[in-house]
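Here is the structure we will look at.
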Amino acid sequence: MNLRVKISIIAALLPGLTSAQEMWGISNSNYSGNMGIFLNPSTIVGAPYKSEFNIVAADVFSHNSFVYFPSDQHVLTDVAIGEGVRDNILFHIPEGERQKGFAHLLVIGPSYIKVNESMSWGLHTAYRHHLSAHRVPSHLAQFIYDDFRFPPAQNIRYQGDNFGMAWANWAEFGGTYGKVYMDTEKHYLKWAAKGSLLPAFNGAFLDVKNVEYSLTNPGELTIHNLDARLAYATNEEGRAGSGSPFSLRGLGIGATLGATYIRKRVPSAFECGRASDRFKKYNYRIGISAMDFGSIRYFNDAHRLDINTTSDRIWSGSETLNFANLNIIDTLVSQRVNGTLNSEDKGFFLWLPSALSVQFDYAINHRWYANLSWLNRVYYAANQIARGNQIAATVRYEKRKWEASANINFFEYSDVGTGIALRYGIFVIGTDRLLEWTGISDVYSYDFYFGFKLNFCGPRDKGIDCPAILR
């Protein structure tokens, strides 16, 4: 099995090569705009600009605790400058009884926000790609990595239950609407909802209720018991990256709701004039949000396979299985385990990576802010993409034209990362995995995001000076 396929499998099964990071360096900024509505859409209500046009923004995130690249190999900088990844720099270490994995790519296309005094609205476009695995036994991940030829594990019976994976990519066309609910000298409360139509391209999920297996000889796998379901919608070759990867295979809807309470909001600090930088915007604000609740129904090129056996099935040549092709997996599993031909042509649902989040932002003075954010997945179905749990503490220096921030974050509440971000005029750039980029830390994860967006303050008025210097 080549390195690229191994990485794809490990990314699908483990917590550490590839769910979503939340761009902590910009998402909680008062100037986050379209880069902030995916965390809490109420950020656009009463924002310190009149309108925003997002040209393009992107975020790619990966995290793993099972395989890593040694820090002295500088793999991220090599890839960034176009050099290839060498097979001998990939290491693996087993950790724990269960493994979890997450992948996330977000590309925000042309999008627009309009801010009025008591209400705001916006339109957005995006492309999203998510991958997750939940509660995968470490021994199974180890076997897949070693092509089912791990010698010390032979003749040992292994068992796993209630684990699976899910994967999907889709486009997003949506709108956001929010209003001010309360506005007094001391109390300011606002809310917003983001709703989206989701044309979906590819999707799959694997739900394993129970599996028992052993490796009697290298490449000879004996399955003693298996109860699982595989569903997928891909092109005719069973792949997401060839043929027609962007054909419409499903359709869904999704929504994110958010609300924010602000203590002693100062209206003059949210004006576009130069003087606004001299005022402290508020004492503190608290935001809550329910993120990505919804589902996708796959109906084109959709297949579903129920896999069941309670008697021993011997699988010779398992080390040659091509895990990158779902059609091949479907056919082989049907024949070797079920003793039948292949799956049903049948549609299926896939639920979005839902989460609940709370964001607390404290204004130290008129330029310095401290933020603490918490995000916890809501995982309620086996045919659902799981999101990564996160806590992030951020300090930022914020002005209209530019800001800088630094954070420490805990992915899955245990894996520590550090990040920095910079917004200057129309440009945003940042990472929540700084030490991996600098070669200080072994590369279990990576993260990078950027954006180009224009803020407008409306007609030219005396003293007006917009964040993006446009008016």
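Ordered as shown in the structure tokens, chains take letters A, B, and onward, while each chain numbers its residues from 1 and ligands are numbered from 1 in the order shown.
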Mind the document's chain letters and residue numbers, and return as a PyMOL selection string the residues of stretch 360-449 of chain A that DSSP labels strand (DSSP E).
chain A and resi 360-363+368-377+390-398+402-411+415-424+427-431+445-449
Selection from above, N, CA and C atoms, as a short mmCIF file (atom, residue, chain, number, x, y, z; two decimals), in the first residue's frame, can you write it?
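Saved as selection_15.cif:
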```cif
data_model
loop_
_atom_site.label_atom_id
_atom_site.label_comp_id
_atom_site.auth_asym_id
_atom_site.auth_seq_id
_atom_site.Cartn_x
_atom_site.Cartn_y
_atom_site.Cartn_z
N PHE A 360 -16.85 33.81 25.36
CA PHE A 360 -16.79 34.92 26.31
C PHE A 360 -15.66 35.85 25.90
N ASP A 361 -15.99 37.13 25.72
CA ASP A 361 -15.01 38.11 25.26
C ASP A 361 -14.97 39.27 26.25
N TYR A 362 -13.79 39.53 26.80
CA TYR A 362 -13.62 40.58 27.82
C TYR A 362 -12.74 41.70 27.25
N ALA A 363 -13.24 42.93 27.30
CA ALA A 363 -12.47 44.08 26.84
C ALA A 363 -11.59 44.60 27.97
N TRP A 368 -7.24 46.07 23.77
CA TRP A 368 -6.88 44.71 24.16
C TRP A 368 -8.10 43.91 24.60
N TYR A 369 -8.17 42.65 24.12
CA TYR A 369 -9.31 41.77 24.43
C TYR A 369 -8.79 40.39 24.83
N ALA A 370 -9.52 39.77 25.73
CA ALA A 370 -9.24 38.38 26.11
C ALA A 370 -10.49 37.56 25.85
N ASN A 371 -10.31 36.42 25.19
CA ASN A 371 -11.45 35.60 24.81
C ASN A 371 -11.25 34.16 25.26
N LEU A 372 -12.33 33.56 25.76
CA LEU A 372 -12.35 32.14 26.10
C LEU A 372 -13.55 31.52 25.40
N SER A 373 -13.31 30.53 24.54
CA SER A 373 -14.38 29.90 23.79
C SER A 373 -14.38 28.39 24.02
N TRP A 374 -15.57 27.85 24.06
CA TRP A 374 -15.77 26.40 24.25
C TRP A 374 -16.68 25.89 23.17
N LEU A 375 -16.34 24.74 22.60
CA LEU A 375 -17.16 24.11 21.56
C LEU A 375 -17.21 22.62 21.83
N ASN A 376 -18.41 22.07 21.86
CA ASN A 376 -18.59 20.64 22.14
C ASN A 376 -19.52 20.04 21.10
N ARG A 377 -19.09 18.92 20.53
CA ARG A 377 -19.91 18.30 19.49
C ARG A 377 -21.23 17.77 20.05
N GLN A 390 -13.43 21.42 21.44
CA GLN A 390 -12.35 22.40 21.52
C GLN A 390 -12.56 23.41 22.65
N ILE A 391 -11.45 23.85 23.22
CA ILE A 391 -11.40 25.01 24.11
C ILE A 391 -10.25 25.89 23.61
N ALA A 392 -10.50 27.19 23.52
CA ALA A 392 -9.45 28.10 23.05
C ALA A 392 -9.45 29.36 23.89
N ALA A 393 -8.27 29.79 24.29
CA ALA A 393 -8.07 31.05 25.00
C ALA A 393 -7.24 31.97 24.10
N THR A 394 -7.76 33.17 23.81
CA THR A 394 -7.14 34.07 22.84
C THR A 394 -6.96 35.45 23.43
N VAL A 395 -5.83 36.06 23.15
CA VAL A 395 -5.59 37.47 23.45
C VAL A 395 -5.39 38.19 22.12
N ARG A 396 -6.07 39.31 21.93
CA ARG A 396 -5.92 40.03 20.66
C ARG A 396 -5.82 41.54 20.89
N TYR A 397 -5.11 42.17 20.00
CA TYR A 397 -4.99 43.62 19.93
C TYR A 397 -5.77 44.04 18.70
N GLU A 398 -6.86 44.79 18.89
CA GLU A 398 -7.81 45.04 17.81
C GLU A 398 -8.01 46.52 17.54
N TRP A 402 -6.33 47.14 11.56
CA TRP A 402 -5.56 45.93 11.72
C TRP A 402 -5.72 45.36 13.13
N GLU A 403 -5.41 44.10 13.25
CA GLU A 403 -5.39 43.46 14.56
C GLU A 403 -4.45 42.26 14.52
N ALA A 404 -4.00 41.86 15.70
CA ALA A 404 -3.15 40.69 15.84
C ALA A 404 -3.60 39.90 17.05
N SER A 405 -3.46 38.60 17.00
CA SER A 405 -3.93 37.77 18.11
C SER A 405 -3.02 36.56 18.28
N ALA A 406 -3.06 36.01 19.48
CA ALA A 406 -2.36 34.77 19.80
C ALA A 406 -3.27 33.93 20.67
N ASN A 407 -3.21 32.61 20.50
CA ASN A 407 -4.10 31.75 21.28
C ASN A 407 -3.42 30.46 21.68
N ILE A 408 -4.00 29.82 22.67
CA ILE A 408 -3.67 28.45 23.04
C ILE A 408 -4.98 27.68 22.98
N ASN A 409 -4.97 26.53 22.34
CA ASN A 409 -6.20 25.77 22.16
C ASN A 409 -5.99 24.31 22.51
N PHE A 410 -7.07 23.66 22.90
CA PHE A 410 -7.05 22.26 23.33
C PHE A 410 -8.06 21.49 22.48
N PHE A 411 -7.54 20.75 21.49
CA PHE A 411 -8.39 19.97 20.61
C PHE A 411 -8.71 18.65 21.28
N ASP A 415 -5.23 17.75 23.35
CA ASP A 415 -4.11 18.01 22.46
C ASP A 415 -3.88 19.51 22.32
N VAL A 416 -2.73 19.97 22.79
CA VAL A 416 -2.48 21.40 22.92
C VAL A 416 -1.89 21.96 21.62
N GLY A 417 -2.42 23.11 21.22
CA GLY A 417 -1.88 23.83 20.08
C GLY A 417 -1.79 25.32 20.39
N THR A 418 -0.94 26.00 19.66
CA THR A 418 -0.84 27.45 19.78
C THR A 418 -1.05 28.08 18.41
N GLY A 419 -1.53 29.32 18.40
CA GLY A 419 -1.82 29.95 17.13
C GLY A 419 -1.60 31.45 17.15
N ILE A 420 -1.45 32.01 15.95
CA ILE A 420 -1.37 33.45 15.78
C ILE A 420 -2.20 33.83 14.56
N ALA A 421 -2.62 35.09 14.49
CA ALA A 421 -3.37 35.58 13.34
C ALA A 421 -3.12 37.07 13.19
N LEU A 422 -3.26 37.54 11.95
CA LEU A 422 -3.08 38.95 11.64
C LEU A 422 -4.15 39.37 10.65
N ARG A 423 -4.81 40.48 10.93
CA ARG A 423 -5.73 41.12 9.97
C ARG A 423 -5.17 42.50 9.67
N TYR A 424 -4.94 42.76 8.39
CA TYR A 424 -4.45 44.08 7.99
C TYR A 424 -5.22 44.51 6.75
N PHE A 427 -6.80 41.90 4.26
CA PHE A 427 -6.17 40.58 4.31
C PHE A 427 -6.16 40.00 5.71
N VAL A 428 -6.46 38.70 5.80
CA VAL A 428 -6.41 37.95 7.06
C VAL A 428 -5.56 36.70 6.83
N ILE A 429 -4.68 36.41 7.77
CA ILE A 429 -3.89 35.18 7.69
C ILE A 429 -3.65 34.66 9.10
N GLY A 430 -3.63 33.34 9.26
CA GLY A 430 -3.41 32.79 10.60
C GLY A 430 -3.27 31.29 10.60
N THR A 431 -2.87 30.76 11.74
CA THR A 431 -2.80 29.33 11.98
C THR A 431 -3.07 29.07 13.45
N SER A 445 -0.42 17.50 13.58
CA SER A 445 -1.55 18.25 13.06
C SER A 445 -1.04 19.44 12.26
N TYR A 446 -1.95 20.04 11.50
CA TYR A 446 -1.62 21.30 10.83
C TYR A 446 -2.88 22.12 10.69
N ASP A 447 -2.71 23.41 10.49
CA ASP A 447 -3.83 24.33 10.32
C ASP A 447 -3.33 25.58 9.62
N PHE A 448 -4.14 26.09 8.70
CA PHE A 448 -3.80 27.33 8.01
C PHE A 448 -5.09 27.95 7.49
N TYR A 449 -5.22 29.26 7.64
CA TYR A 449 -6.38 29.95 7.08
C TYR A 449 -5.97 31.34 6.60
#
```
Closest-contact table, stretch 257-326 of chain A side, partner stretch 193-198 of chain A, 9 Å, counting only C-alpha atoms, as a tab-separated table:
```
residue	atom	partner	partner_atom	distance
A:Leu257	CA	A:Ala193	CA	4.5
A:Gly258	CA	A:Ala193	CA	6.3
A:Ala259	CA	A:Ala193	CA	8.8
A:Ser295	CA	A:Leu198	CA	8.8
A:Ile296	CA	A:Leu198	CA	7.3
```
Write to file, as a PDB file, in the first residue's frame, the residues of the selection just made, with C-alpha atoms.
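Output contents, as saved in part.pdb:
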```pdb
ATOM      1  CA  LEU A 257     -28.276  29.866  15.352  1.00  0.00           C
ATOM      2  CA  GLY A 258     -26.530  32.383  17.555  1.00  0.00           C
ATOM      3  CA  ALA A 259     -27.152  35.031  20.173  1.00  0.00           C
ATOM      4  CA  SER A 295     -28.700  16.749   7.058  1.00  0.00           C
ATOM      5  CA  ILE A 296     -27.992  15.722   3.476  1.00  0.00           C
TER       6      ILE A 296
END
```
Write down as an mmCIF file with N, CA and C atoms, in the first residue's frame the residues belonging to stretch 193-427 of chain A that are assigned alpha helix (DSSP H) by DSSP computed on the backbone.
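Now in out-v6.cif:
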```cif
data_model
loop_
_atom_site.group_PDB
_atom_site.id
_atom_site.type_symbol
_atom_site.label_atom_id
_atom_site.label_comp_id
_atom_site.auth_asym_id
_atom_site.auth_seq_id
_atom_site.Cartn_x
_atom_site.Cartn_y
_atom_site.Cartn_z
ATOM 1 N N LEU A 326 -14.251 2.676 -2.817
ATOM 2 C CA LEU A 326 -15.377 2.142 -2.064
ATOM 3 C C LEU A 326 -16.119 1.061 -2.838
ATOM 4 N N ASN A 327 -16.126 1.136 -4.165
ATOM 5 C CA ASN A 327 -16.779 0.089 -4.949
ATOM 6 C C ASN A 327 -16.073 -1.252 -4.777
ATOM 7 N N ILE A 328 -14.742 -1.221 -4.766
ATOM 8 C CA ILE A 328 -13.983 -2.459 -4.572
ATOM 9 C C ILE A 328 -14.227 -3.013 -3.177
ATOM 10 N N ILE A 329 -14.196 -2.139 -2.174
ATOM 11 C CA ILE A 329 -14.477 -2.579 -0.803
ATOM 12 C C ILE A 329 -15.864 -3.204 -0.727
ATOM 13 N N ASP A 330 -16.842 -2.542 -1.336
ATOM 14 C CA ASP A 330 -18.223 -3.029 -1.357
ATOM 15 C C ASP A 330 -18.273 -4.456 -1.920
ATOM 16 N N THR A 331 -17.691 -4.653 -3.102
ATOM 17 C CA THR A 331 -17.761 -5.952 -3.771
ATOM 18 C C THR A 331 -17.045 -7.036 -2.971
ATOM 19 N N LEU A 332 -15.820 -6.733 -2.496
ATOM 20 C CA LEU A 332 -15.058 -7.739 -1.767
ATOM 21 C C LEU A 332 -15.712 -8.113 -0.447
ATOM 22 N N VAL A 333 -16.189 -7.114 0.287
ATOM 23 C CA VAL A 333 -16.841 -7.404 1.568
ATOM 24 C C VAL A 333 -18.110 -8.219 1.340
#
```
Could you pull the residues within 7 Å of A:Ala171, counting only C-alpha atoms, minus those fewer than 6 positions along the same chain, as a ChimeraX atom specification?
/A:126-128,198-200
Nearest to A:Tyr232 by atom-to-atom distance, counting only C-alpha atoms, from A:Gly203, A:Pro137, A:Gly33, A:Gly164
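For A:Tyr232, the nearest of the candidates is A:Gly203.
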Which residue, A:Ser132, A:Thr260, A:Asn210, A:Thr234, has the smallest gap to A:Trp351 when you use only C-alpha atoms?
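Closest to A:Trp351 of all the choices is A:Ser132.
Among the candidate residues A:Leu189, A:Ile113, A:Ile108, A:Phe143, the one lying nearest to A:Ile286 is A:Leu189, with distances computed using only C-alpha atoms.
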